[in-house]
2 protein chains.
Amino acid sequence: MINEAMVKLGKKRSVIREIFEYANKRKAEIGAEKVFDFSIGNPSVPTPQAVTAAMERIIKETDPVKLHGYTSAQGAEGVRRAIAENIKKRFDFEADPDLIYMTCGAAASLTVLLNALINRGDEVVIPSPYFPEYRVFAQKAGADVVEAPCREGDFQLDLSVLEKALTARTRAVIINSPNNPTGAVFSEETIMALARLLYKKQEEYGADIYIIADEPYRELTYGAFVPYIPKYYDNTLVCYSYSKSLSLPGERIGYISVSPRIRSAGELYAAVCGAGRVLGFVCAPSLMQYTVEKCVSVTPDVGIYKRNRDLLLNALTEYGCTVVPPDGAFYLFVKSPEPDAYAFCERAKKYELLFVPGDDFGQKGYVRISYCVETGQIERSLPAFNALMNEYKK
Amino acid sequence: MINEAMVKLGKKRSVIREIFEYANKRKAEIGAEKVFDFSIGNPSVPTPQAVTAAMERIIKETDPVKLHGYTSAQGAEGVRRAIAENIKKRFDFEADPDLIYMTCGAAASLTVLLNALINRGDEVVIPSPYFPEYRVFAQKAGADVVEAPCREGDFQLDLSVLEKALTARTRAVIINSPNNPTGAVFSEETIMALARLLYKKQEEYGADIYIIADEPYRELTYGAFVPYIPKYYDNTLVCYSYSKSLSLPGERIGYISVSPRIRSAGELYAAVCGAGRVLGFVCAPSLMQYTVEKCVSVTPDVGIYKRNRDLLLNALTEYGCTVVPPDGAFYLFVKSPEPDAYAFCERAKKYELLFVPGDDFGQKGYVRISYCVETGQIERSLPAFNALMNEYKK
């Protein structure tokens, strides 16, 4: 009688969530220090002090009727202007405040955008491995999902695979760089080749193909250059979130930026507004909009993540793991030493090591290890990793 | 190529929005004091000082990693427990924290719930007049909308009209009391009769029919008793929002409460979680969740709204308007002195009086006048209202 598809989606706890629950249970049983939970993607670095200070000042100094009142649906003008200026300054790209739409975070950016773009039966191409919710969001918007596996050596886009995945029904390709779960940053060369391919296919099919650039991890890089895709390909829509960059995942604040180079950018922006409206996003949380306005150029301290990454990457490599060194985000994507990643994860549990099989990300034979944890946890876990890997050397 | 339905929804500025823009233009031309904008539904009373104080204390005292981190999708346990206890205390009804789902406000409560309940082709019955977004939300979830006009004398539910509207395809009836736009509060007698009718129809069709009790205005009443519908009818789902009660409309915080008396409450709650997930609501804004936890029993100062209501109601009645005195919310629903409410609104503009025709709310021949404004604006506007109504006495 009620919607069974929704029941299933609500009941199927994600693997990540199940491991999280298991971790809590184990921590209660044997002590939090002895459980090594590498399953979650919750930033372990606090929001910068400048953000807290801005929030406090805004609450103290702003008329509460204005501060907590509705903003316009697309977001307060001030924050949209601040973001556009920041894009101009950082990327030398003419973003338009009137083509920026504030959202309740990255997930909302994606659902709003997909509902704006998709007509039932359109295809959305997703390079794999990928964040599992992409599939759910695209399908709910009416799209058929087409996976395009990345190159297994370095997890860069495989252009020949992508080319085969594109059809007359392709409406969008979701590009997530830095990538969850692999940590790969797609190089400028790759993005240029992707742009050439898509221009060619647009012409061939006489239809628009959009890149949805999902960039919640843009600021979390370890030296790699992250190309700003709208500069390379006109039909680009950027989804951004402050969840990771300002460590505000619970506050739900991000934006969609429609490139002014899109031929019918105004129409597309109207569709974004329409989709936001029918999905029930009245406006993005107002206090967070005003906070972002003041903190648009605050950058996160990636030093801690880099230290964690190096510590874990070096140790795991030493113990015999195969890992592609991540250029960004806060995940290691590690080749399972046995073909079945679920079996590897189960074996790891004996050592109180918890991480997530890659299967849910569309990649068998790998596990995702989140290093957005206390550095102490990594240090304490190393003997366990060593012992686990030794099992495979017998 | 993109979704045209979304473009249309995004482009069609609501009448309310258009009047709002017109008001801003006129204010710039002739001065803000001389424009009498009664079109908007943004609370004019600031959030209670206790709420601001709680927010400040939470920011000062909570570990920012926890404060701004993801909560579980259904909401932090503390706020769900606080809300359940509050429901128990106020209504003597056993709410279950594990059947409460925190949302990004009233609109999100409705879209999540409708997507959880509806299978394509189900019908949703909406007593009219009604908040126009109900139609858009229900249709996007796949439902066919069936209007059931209220009694024109007092805008109470018309049970015989409702009975005819119910079919084997009816999945839900949306009950909004206190009502936007009429201000009517549905009496206990009415709710009891509605419950009897729905029980009878459930039996007749062998199917569940849910009441969606949309209650953003529950706390804004002027003495009327607002029945807590889950006590009268088992298959009830309450949508609540703190937008009006705590004057936090921009912050997007509310909840869905699934009645534990629903036979398969657990399944339905799972569907709610599933719908929240696919629509992109990861969790409700975390700072606001913790704030509500501390402020669950803070009540708004309705004195200002009552003063505004009495002032305007008495004056308009004296000038010859026909108004059903509102028992709640902050709107007067006034009979247009000419058949075409649009014409009446246009004529009012000559006097710088701005309000909204009832047509968009599904009721021709009426206008909605919002009195959530500064009292001074009402006082200054009275001669204009008098002059306007005098035109109809010639």
# chains A, B, ... in the order shown; residues from 1 in each chain; ligands from 1
>>> select_by_dssp(residues="stretch 175-365 of chain B", states="strand (DSSP E)", output="MDAnalysis selection string")
chainID B and resid 175 210:214 236:241 254:258 331:335 353:354 356:357
>>> write_last_selection(atoms="C-alpha atoms", output="PDB file, in the first residue's frame")
ATOM      1  CA  ILE B 175      -5.445  18.345   7.026  1.00  0.00           C
ATOM      2  CA  TYR B 210      -3.741   8.261   6.055  1.00  0.00           C
ATOM      3  CA  ILE B 211      -4.312  11.705   7.496  1.00  0.00           C
ATOM      4  CA  ILE B 212      -1.328  13.944   6.902  1.00  0.00           C
ATOM      5  CA  ALA B 213      -1.718  16.543   9.649  1.00  0.00           C
ATOM      6  CA  ASP B 214       0.310  19.529   8.458  1.00  0.00           C
ATOM      7  CA  THR B 236      -2.184   9.783  11.243  1.00  0.00           C
ATOM      8  CA  LEU B 237       1.162  11.282  10.311  1.00  0.00           C
ATOM      9  CA  VAL B 238       2.008  14.656  11.811  1.00  0.00           C
ATOM     10  CA  CYS B 239       4.177  17.133   9.900  1.00  0.00           C
ATOM     11  CA  TYR B 240       5.543  19.820  12.171  1.00  0.00           C
ATOM     12  CA  SER B 241       7.835  22.783  11.619  1.00  0.00           C
ATOM     13  CA  GLY B 254      10.831  20.381  11.561  1.00  0.00           C
ATOM     14  CA  TYR B 255       9.819  16.750  11.875  1.00  0.00           C
ATOM     15  CA  ILE B 256       7.529  13.939  10.785  1.00  0.00           C
ATOM     16  CA  SER B 257       5.920  11.938  13.573  1.00  0.00           C
ATOM     17  CA  VAL B 258       4.594   8.499  12.588  1.00  0.00           C
ATOM     18  CA  TYR B 331      -4.001  35.351   7.860  1.00  0.00           C
ATOM     19  CA  LEU B 332      -7.388  36.955   7.259  1.00  0.00           C
ATOM     20  CA  PHE B 333      -9.335  35.383   4.420  1.00  0.00           C
ATOM     21  CA  VAL B 334     -11.571  38.170   3.190  1.00  0.00           C
ATOM     22  CA  LYS B 335     -14.451  37.963   0.742  1.00  0.00           C
ATOM     23  CA  LEU B 353      -2.486  47.895  -0.387  1.00  0.00           C
ATOM     24  CA  LEU B 354      -0.969  44.575  -1.425  1.00  0.00           C
ATOM     25  CA  VAL B 356      -3.005  37.860  -2.573  1.00  0.00           C
ATOM     26  CA  PRO B 357      -6.034  36.589  -4.525  1.00  0.00           C
TER      27      PRO B 357
END
>>> residues_around(residues="A:Gly276", least_positions_apart="3", cutoff="9 Å", atoms="only C-alpha atoms", output="ChimeraX atom specification")
/A:73-74,103,108-109,111-113,115-116,271-273,279-283 /B:6,10
>>> interface_residues(of="chain A", to="chain B", cutoff="7 Å", atoms="only C-alpha atoms", output="PyMOL selection string")
chain A and resi 2-3+6-7+9-11+42+44-47+56+64-65+68-71+107-108+111+116-119+136-137+140+248-252+267+270-271+273-275+278-283+285-287
>>> residues_around(residues="stretch 21-29 of chain B", least_positions_apart="3", cutoff="10 Å", atoms="only C-alpha atoms", output="VMD selection string")
chain B and resid 15 to 18 32 to 39 349 352 to 354
>>> closest_residue(among="B:Val292, B:Val145, B:Leu316, B:Ala95", to="B:Leu166", atoms="only C-alpha atoms")
B:Val145
>>> select_by_dssp(residues="stretch 21-200 of chain B", states="helix (DSSP H, G or I)", output="PyMOL selection string")
chain B and resi 21-30+32-34+49-61+64-67+77-91+97-99+106-117+133-140+159-165+188-200
>>> write_last_selection(atoms="C-alpha atoms", output="PDB file, in the first residue's frame")
ATOM      1  CA  GLU B  21       8.794  42.102  -5.901  1.00  0.00           C
ATOM      2  CA  TYR B  22       6.229  44.775  -6.767  1.00  0.00           C
ATOM      3  CA  ALA B  23       6.180  45.892  -3.122  1.00  0.00           C
ATOM      4  CA  ASN B  24       9.947  46.331  -3.116  1.00  0.00           C
ATOM      5  CA  LYS B  25       9.769  48.406  -6.283  1.00  0.00           C
ATOM      6  CA  ARG B  26       7.014  50.639  -4.884  1.00  0.00           C
ATOM      7  CA  LYS B  27       8.861  51.057  -1.592  1.00  0.00           C
ATOM      8  CA  ALA B  28      11.899  52.312  -3.491  1.00  0.00           C
ATOM      9  CA  GLU B  29       9.679  54.720  -5.444  1.00  0.00           C
ATOM     10  CA  ILE B  30       7.494  56.240  -2.741  1.00  0.00           C
ATOM     11  CA  ALA B  32       8.645  52.016   2.610  1.00  0.00           C
ATOM     12  CA  GLU B  33       6.242  53.633   5.075  1.00  0.00           C
ATOM     13  CA  LYS B  34       3.687  54.295   2.366  1.00  0.00           C
ATOM     14  CA  GLN B  49      15.462  35.137  23.348  1.00  0.00           C
ATOM     15  CA  ALA B  50      15.707  31.631  24.845  1.00  0.00           C
ATOM     16  CA  VAL B  51      16.328  30.222  21.373  1.00  0.00           C
ATOM     17  CA  THR B  52      19.113  32.686  20.589  1.00  0.00           C
ATOM     18  CA  ALA B  53      20.663  32.018  23.993  1.00  0.00           C
ATOM     19  CA  ALA B  54      20.503  28.255  23.446  1.00  0.00           C
ATOM     20  CA  MET B  55      22.149  28.586  20.038  1.00  0.00           C
ATOM     21  CA  GLU B  56      24.957  30.725  21.454  1.00  0.00           C
ATOM     22  CA  ARG B  57      25.548  28.351  24.359  1.00  0.00           C
ATOM     23  CA  ILE B  58      25.566  25.268  22.130  1.00  0.00           C
ATOM     24  CA  ILE B  59      28.131  26.832  19.796  1.00  0.00           C
ATOM     25  CA  LYS B  60      30.300  27.880  22.735  1.00  0.00           C
ATOM     26  CA  GLU B  61      30.130  24.608  24.658  1.00  0.00           C
ATOM     27  CA  PRO B  64      32.555  21.475  16.825  1.00  0.00           C
ATOM     28  CA  VAL B  65      33.286  18.065  15.274  1.00  0.00           C
ATOM     29  CA  LYS B  66      30.202  16.696  17.029  1.00  0.00           C
ATOM     30  CA  LEU B  67      28.090  19.859  16.716  1.00  0.00           C
ATOM     31  CA  GLU B  77      18.536  10.798  19.421  1.00  0.00           C
ATOM     32  CA  GLY B  78      18.326  13.611  21.984  1.00  0.00           C
ATOM     33  CA  VAL B  79      16.051  15.870  19.979  1.00  0.00           C
ATOM     34  CA  ARG B  80      13.802  12.976  18.967  1.00  0.00           C
ATOM     35  CA  ARG B  81      13.461  11.980  22.610  1.00  0.00           C
ATOM     36  CA  ALA B  82      12.765  15.567  23.680  1.00  0.00           C
ATOM     37  CA  ILE B  83      10.048  15.920  21.052  1.00  0.00           C
ATOM     38  CA  ALA B  84       8.412  12.604  21.999  1.00  0.00           C
ATOM     39  CA  GLU B  85       8.373  13.614  25.668  1.00  0.00           C
ATOM     40  CA  ASN B  86       6.897  16.987  24.777  1.00  0.00           C
ATOM     41  CA  ILE B  87       4.117  15.333  22.759  1.00  0.00           C
ATOM     42  CA  LYS B  88       3.419  12.989  25.671  1.00  0.00           C
ATOM     43  CA  LYS B  89       3.236  15.917  28.112  1.00  0.00           C
ATOM     44  CA  ARG B  90       1.118  18.217  25.957  1.00  0.00           C
ATOM     45  CA  PHE B  91      -1.273  15.763  24.361  1.00  0.00           C
ATOM     46  CA  PRO B  97      11.298   8.752  19.450  1.00  0.00           C
ATOM     47  CA  ASP B  98      12.115   5.959  17.003  1.00  0.00           C
ATOM     48  CA  LEU B  99       9.133   6.955  14.856  1.00  0.00           C
ATOM     49  CA  ALA B 106       7.491  21.709   6.715  1.00  0.00           C
ATOM     50  CA  ALA B 107       7.938  21.481   2.954  1.00  0.00           C
ATOM     51  CA  ALA B 108      10.508  18.709   3.379  1.00  0.00           C
ATOM     52  CA  SER B 109       8.218  16.905   5.834  1.00  0.00           C
ATOM     53  CA  LEU B 110       5.508  16.869   3.170  1.00  0.00           C
ATOM     54  CA  THR B 111       7.662  15.848   0.205  1.00  0.00           C
ATOM     55  CA  VAL B 112       9.379  13.073   2.163  1.00  0.00           C
ATOM     56  CA  LEU B 113       6.085  11.763   3.503  1.00  0.00           C
ATOM     57  CA  LEU B 114       4.282  11.915   0.154  1.00  0.00           C
ATOM     58  CA  ASN B 115       7.135  10.082  -1.570  1.00  0.00           C
ATOM     59  CA  ALA B 116       7.048   7.464   1.200  1.00  0.00           C
ATOM     60  CA  LEU B 117       3.302   6.896   0.847  1.00  0.00           C
ATOM     61  CA  GLU B 133       2.505  23.865  -2.813  1.00  0.00           C
ATOM     62  CA  TYR B 134       0.472  20.849  -1.611  1.00  0.00           C
ATOM     63  CA  ARG B 135      -0.594  20.263  -5.189  1.00  0.00           C
ATOM     64  CA  VAL B 136       2.925  20.509  -6.593  1.00  0.00           C
ATOM     65  CA  PHE B 137       4.416  18.242  -3.912  1.00  0.00           C
ATOM     66  CA  ALA B 138       1.719  15.571  -4.294  1.00  0.00           C
ATOM     67  CA  GLN B 139       1.931  15.541  -8.077  1.00  0.00           C
ATOM     68  CA  LYS B 140       5.721  15.226  -8.072  1.00  0.00           C
ATOM     69  CA  LEU B 159     -17.822  15.985   5.455  1.00  0.00           C
ATOM     70  CA  SER B 160     -20.329  15.243   2.720  1.00  0.00           C
ATOM     71  CA  VAL B 161     -18.048  16.789   0.109  1.00  0.00           C
ATOM     72  CA  LEU B 162     -15.099  14.877   1.556  1.00  0.00           C
ATOM     73  CA  GLU B 163     -17.038  11.612   1.470  1.00  0.00           C
ATOM     74  CA  LYS B 164     -17.648  12.037  -2.250  1.00  0.00           C
ATOM     75  CA  ALA B 165     -13.972  12.779  -2.818  1.00  0.00           C
ATOM     76  CA  GLU B 188     -12.936  18.513  17.758  1.00  0.00           C
ATOM     77  CA  GLU B 189     -16.404  17.639  16.515  1.00  0.00           C
ATOM     78  CA  THR B 190     -15.194  17.987  12.908  1.00  0.00           C
ATOM     79  CA  ILE B 191     -12.094  15.868  13.502  1.00  0.00           C
ATOM     80  CA  MET B 192     -14.180  13.169  15.194  1.00  0.00           C
ATOM     81  CA  ALA B 193     -16.589  13.097  12.268  1.00  0.00           C
ATOM     82  CA  LEU B 194     -13.655  12.968   9.848  1.00  0.00           C
ATOM     83  CA  ALA B 195     -12.184  10.020  11.764  1.00  0.00           C
ATOM     84  CA  ARG B 196     -15.509   8.154  11.618  1.00  0.00           C
ATOM     85  CA  LEU B 197     -15.782   8.792   7.900  1.00  0.00           C
ATOM     86  CA  LEU B 198     -12.237   7.591   7.204  1.00  0.00           C
ATOM     87  CA  TYR B 199     -12.610   4.466   9.355  1.00  0.00           C
ATOM     88  CA  LYS B 200     -15.762   3.641   7.410  1.00  0.00           C
TER      89      LYS B 200
END
>>> residues_around(residues="stretch 217-229 of chain A", least_positions_apart="6", cutoff="8 Å", atoms="only C-alpha atoms", output="PDB file with C-alpha atoms, in the first residue's frame")
ATOM      1  CA  PHE A  91      39.824  30.058 -11.206  1.00  0.00           C
ATOM      2  CA  SER A 177      37.387  14.616  -8.489  1.00  0.00           C
ATOM      3  CA  PRO A 178      39.016  14.310  -5.969  1.00  0.00           C
ATOM      4  CA  ASN A 179      37.274  10.981  -5.963  1.00  0.00           C
ATOM      5  CA  VAL A 185      42.308  13.538  -8.944  1.00  0.00           C
ATOM      6  CA  PHE A 186      41.559  13.555 -12.660  1.00  0.00           C
ATOM      7  CA  SER A 187      44.456  15.257 -14.413  1.00  0.00           C
ATOM      8  CA  GLU A 188      44.154  18.289 -16.708  1.00  0.00           C
ATOM      9  CA  ILE A 191      39.705  16.492 -18.405  1.00  0.00           C
ATOM     10  CA  THR A 236      29.302  21.991 -16.948  1.00  0.00           C
ATOM     11  CA  LYS A 244      34.287  18.585   4.003  1.00  0.00           C
ATOM     12  CA  SER A 245      36.027  21.891   3.219  1.00  0.00           C
ATOM     13  CA  THR A 299      40.524  27.090   3.754  1.00  0.00           C
ATOM     14  CA  PRO A 300      40.695  23.850   5.717  1.00  0.00           C
ATOM     15  CA  VAL A 302      44.660  19.612   5.220  1.00  0.00           C
ATOM     16  CA  LYS A 306      48.051  14.594   4.836  1.00  0.00           C
ATOM     17  CA  ASP A 327      45.959  12.761  -4.487  1.00  0.00           C
ATOM     18  CA  GLY A 328      42.923  14.044  -2.630  1.00  0.00           C
ATOM     19  CA  ALA A 329      39.889  13.352  -0.413  1.00  0.00           C
ATOM     20  CA  PHE A 330      40.513  11.278   2.725  1.00  0.00           C
TER      21      PHE A 330
END
>>> residues_around(residues="B:Cys150", least_positions_apart="5", cutoff="9 Å", atoms="only C-alpha atoms", output="PyMOL selection string")
chain B and resi 127-129+155-159+161-162
>>> write_last_selection(atoms="N, CA and C atoms", output="PDB file, in the first residue's frame")
ATOM      1  N   PRO B 127      -8.585  19.320   1.221  1.00  0.00           N
ATOM      2  CA  PRO B 127      -9.653  20.291   1.437  1.00  0.00           C
ATOM      3  C   PRO B 127      -9.189  21.669   0.951  1.00  0.00           C
ATOM      4  N   SER B 128     -10.079  22.360   0.238  1.00  0.00           N
ATOM      5  CA  SER B 128      -9.703  23.679  -0.262  1.00  0.00           C
ATOM      6  C   SER B 128     -10.513  24.753   0.471  1.00  0.00           C
ATOM      7  N   PRO B 129      -9.975  25.993   0.587  1.00  0.00           N
ATOM      8  CA  PRO B 129      -8.680  26.452   0.076  1.00  0.00           C
ATOM      9  C   PRO B 129      -7.497  25.816   0.812  1.00  0.00           C
ATOM     10  N   PHE B 155     -15.455  27.851   6.759  1.00  0.00           N
ATOM     11  CA  PHE B 155     -14.268  27.130   6.281  1.00  0.00           C
ATOM     12  C   PHE B 155     -13.920  25.912   7.131  1.00  0.00           C
ATOM     13  N   GLN B 156     -14.934  25.313   7.760  1.00  0.00           N
ATOM     14  CA  GLN B 156     -14.741  24.003   8.375  1.00  0.00           C
ATOM     15  C   GLN B 156     -14.816  22.954   7.259  1.00  0.00           C
ATOM     16  N   LEU B 157     -14.271  21.758   7.553  1.00  0.00           N
ATOM     17  CA  LEU B 157     -14.362  20.661   6.586  1.00  0.00           C
ATOM     18  C   LEU B 157     -15.822  20.386   6.270  1.00  0.00           C
ATOM     19  N   ASP B 158     -16.098  20.092   5.009  1.00  0.00           N
ATOM     20  CA  ASP B 158     -17.458  19.683   4.629  1.00  0.00           C
ATOM     21  C   ASP B 158     -17.421  18.159   4.446  1.00  0.00           C
ATOM     22  N   LEU B 159     -17.966  17.443   5.442  1.00  0.00           N
ATOM     23  CA  LEU B 159     -17.822  15.985   5.455  1.00  0.00           C
ATOM     24  C   LEU B 159     -18.512  15.319   4.273  1.00  0.00           C
ATOM     25  N   VAL B 161     -18.917  16.582   1.277  1.00  0.00           N
ATOM     26  CA  VAL B 161     -18.048  16.789   0.109  1.00  0.00           C
ATOM     27  C   VAL B 161     -16.842  15.848   0.183  1.00  0.00           C
ATOM     28  N   LEU B 162     -16.256  15.760   1.372  1.00  0.00           N
ATOM     29  CA  LEU B 162     -15.099  14.877   1.556  1.00  0.00           C
ATOM     30  C   LEU B 162     -15.461  13.437   1.232  1.00  0.00           C
TER      31      LEU B 162
END
>>> decode(residues="stretch 62-135 of chain B", atoms="C-alpha atoms", output="PDB file, in the first residue's frame")
ATOM      1  CA  THR B  62      29.947  21.804  22.095  1.00  0.00           C
ATOM      2  CA  ASP B  63      32.872  20.108  20.393  1.00  0.00           C
ATOM      3  CA  PRO B  64      32.555  21.475  16.825  1.00  0.00           C
ATOM      4  CA  VAL B  65      33.286  18.065  15.274  1.00  0.00           C
ATOM      5  CA  LYS B  66      30.202  16.696  17.029  1.00  0.00           C
ATOM      6  CA  LEU B  67      28.090  19.859  16.716  1.00  0.00           C
ATOM      7  CA  HIS B  68      28.495  20.245  12.963  1.00  0.00           C
ATOM      8  CA  GLY B  69      28.932  16.536  12.152  1.00  0.00           C
ATOM      9  CA  TYR B  70      26.323  14.361  10.482  1.00  0.00           C
ATOM     10  CA  THR B  71      23.566  13.196  12.778  1.00  0.00           C
ATOM     11  CA  SER B  72      21.898   9.920  11.927  1.00  0.00           C
ATOM     12  CA  ALA B  73      19.529  10.312   8.987  1.00  0.00           C
ATOM     13  CA  GLN B  74      16.437  10.242  11.202  1.00  0.00           C
ATOM     14  CA  GLY B  75      17.894  12.920  13.488  1.00  0.00           C
ATOM     15  CA  ALA B  76      19.935  13.015  16.698  1.00  0.00           C
ATOM     16  CA  GLU B  77      18.536  10.798  19.421  1.00  0.00           C
ATOM     17  CA  GLY B  78      18.326  13.611  21.984  1.00  0.00           C
ATOM     18  CA  VAL B  79      16.051  15.870  19.979  1.00  0.00           C
ATOM     19  CA  ARG B  80      13.802  12.976  18.967  1.00  0.00           C
ATOM     20  CA  ARG B  81      13.461  11.980  22.610  1.00  0.00           C
ATOM     21  CA  ALA B  82      12.765  15.567  23.680  1.00  0.00           C
ATOM     22  CA  ILE B  83      10.048  15.920  21.052  1.00  0.00           C
ATOM     23  CA  ALA B  84       8.412  12.604  21.999  1.00  0.00           C
ATOM     24  CA  GLU B  85       8.373  13.614  25.668  1.00  0.00           C
ATOM     25  CA  ASN B  86       6.897  16.987  24.777  1.00  0.00           C
ATOM     26  CA  ILE B  87       4.117  15.333  22.759  1.00  0.00           C
ATOM     27  CA  LYS B  88       3.419  12.989  25.671  1.00  0.00           C
ATOM     28  CA  LYS B  89       3.236  15.917  28.112  1.00  0.00           C
ATOM     29  CA  ARG B  90       1.118  18.217  25.957  1.00  0.00           C
ATOM     30  CA  PHE B  91      -1.273  15.763  24.361  1.00  0.00           C
ATOM     31  CA  ASP B  92      -1.081  12.720  26.640  1.00  0.00           C
ATOM     32  CA  PHE B  93      -0.164  10.672  23.586  1.00  0.00           C
ATOM     33  CA  GLU B  94       2.573   8.021  23.435  1.00  0.00           C
ATOM     34  CA  ALA B  95       4.845   9.284  20.663  1.00  0.00           C
ATOM     35  CA  ASP B  96       7.872   7.106  19.945  1.00  0.00           C
ATOM     36  CA  PRO B  97      11.298   8.752  19.450  1.00  0.00           C
ATOM     37  CA  ASP B  98      12.115   5.959  17.003  1.00  0.00           C
ATOM     38  CA  LEU B  99       9.133   6.955  14.856  1.00  0.00           C
ATOM     39  CA  ILE B 100      10.125  10.631  14.714  1.00  0.00           C
ATOM     40  CA  TYR B 101      12.119  11.775  11.703  1.00  0.00           C
ATOM     41  CA  MET B 102      13.752  15.224  11.759  1.00  0.00           C
ATOM     42  CA  THR B 103      13.310  17.202   8.541  1.00  0.00           C
ATOM     43  CA  CYS B 104      14.472  20.374   6.808  1.00  0.00           C
ATOM     44  CA  GLY B 105      11.148  22.087   7.642  1.00  0.00           C
ATOM     45  CA  ALA B 106       7.491  21.709   6.715  1.00  0.00           C
ATOM     46  CA  ALA B 107       7.938  21.481   2.954  1.00  0.00           C
ATOM     47  CA  ALA B 108      10.508  18.709   3.379  1.00  0.00           C
ATOM     48  CA  SER B 109       8.218  16.905   5.834  1.00  0.00           C
ATOM     49  CA  LEU B 110       5.508  16.869   3.170  1.00  0.00           C
ATOM     50  CA  THR B 111       7.662  15.848   0.205  1.00  0.00           C
ATOM     51  CA  VAL B 112       9.379  13.073   2.163  1.00  0.00           C
ATOM     52  CA  LEU B 113       6.085  11.763   3.503  1.00  0.00           C
ATOM     53  CA  LEU B 114       4.282  11.915   0.154  1.00  0.00           C
ATOM     54  CA  ASN B 115       7.135  10.082  -1.570  1.00  0.00           C
ATOM     55  CA  ALA B 116       7.048   7.464   1.200  1.00  0.00           C
ATOM     56  CA  LEU B 117       3.302   6.896   0.847  1.00  0.00           C
ATOM     57  CA  ILE B 118       2.406   7.358  -2.777  1.00  0.00           C
ATOM     58  CA  ASN B 119       2.442   4.879  -5.626  1.00  0.00           C
ATOM     59  CA  ARG B 120       1.785   6.386  -9.041  1.00  0.00           C
ATOM     60  CA  GLY B 121      -1.936   6.887  -9.543  1.00  0.00           C
ATOM     61  CA  ASP B 122      -2.862   7.095  -5.860  1.00  0.00           C
ATOM     62  CA  GLU B 123      -5.093  10.007  -4.935  1.00  0.00           C
ATOM     63  CA  VAL B 124      -4.433  12.669  -2.329  1.00  0.00           C
ATOM     64  CA  VAL B 125      -7.479  14.569  -1.114  1.00  0.00           C
ATOM     65  CA  ILE B 126      -6.920  18.214  -0.197  1.00  0.00           C
ATOM     66  CA  PRO B 127      -9.653  20.291   1.437  1.00  0.00           C
ATOM     67  CA  SER B 128      -9.703  23.679  -0.262  1.00  0.00           C
ATOM     68  CA  PRO B 129      -8.680  26.452   0.076  1.00  0.00           C
ATOM     69  CA  TYR B 130      -5.165  25.182   0.689  1.00  0.00           C
ATOM     70  CA  PHE B 131      -1.459  26.055   0.613  1.00  0.00           C
ATOM     71  CA  PRO B 132      -0.691  25.918  -3.141  1.00  0.00           C
ATOM     72  CA  GLU B 133       2.505  23.865  -2.813  1.00  0.00           C
ATOM     73  CA  TYR B 134       0.472  20.849  -1.611  1.00  0.00           C
ATOM     74  CA  ARG B 135      -0.594  20.263  -5.189  1.00  0.00           C
TER      75      ARG B 135
END
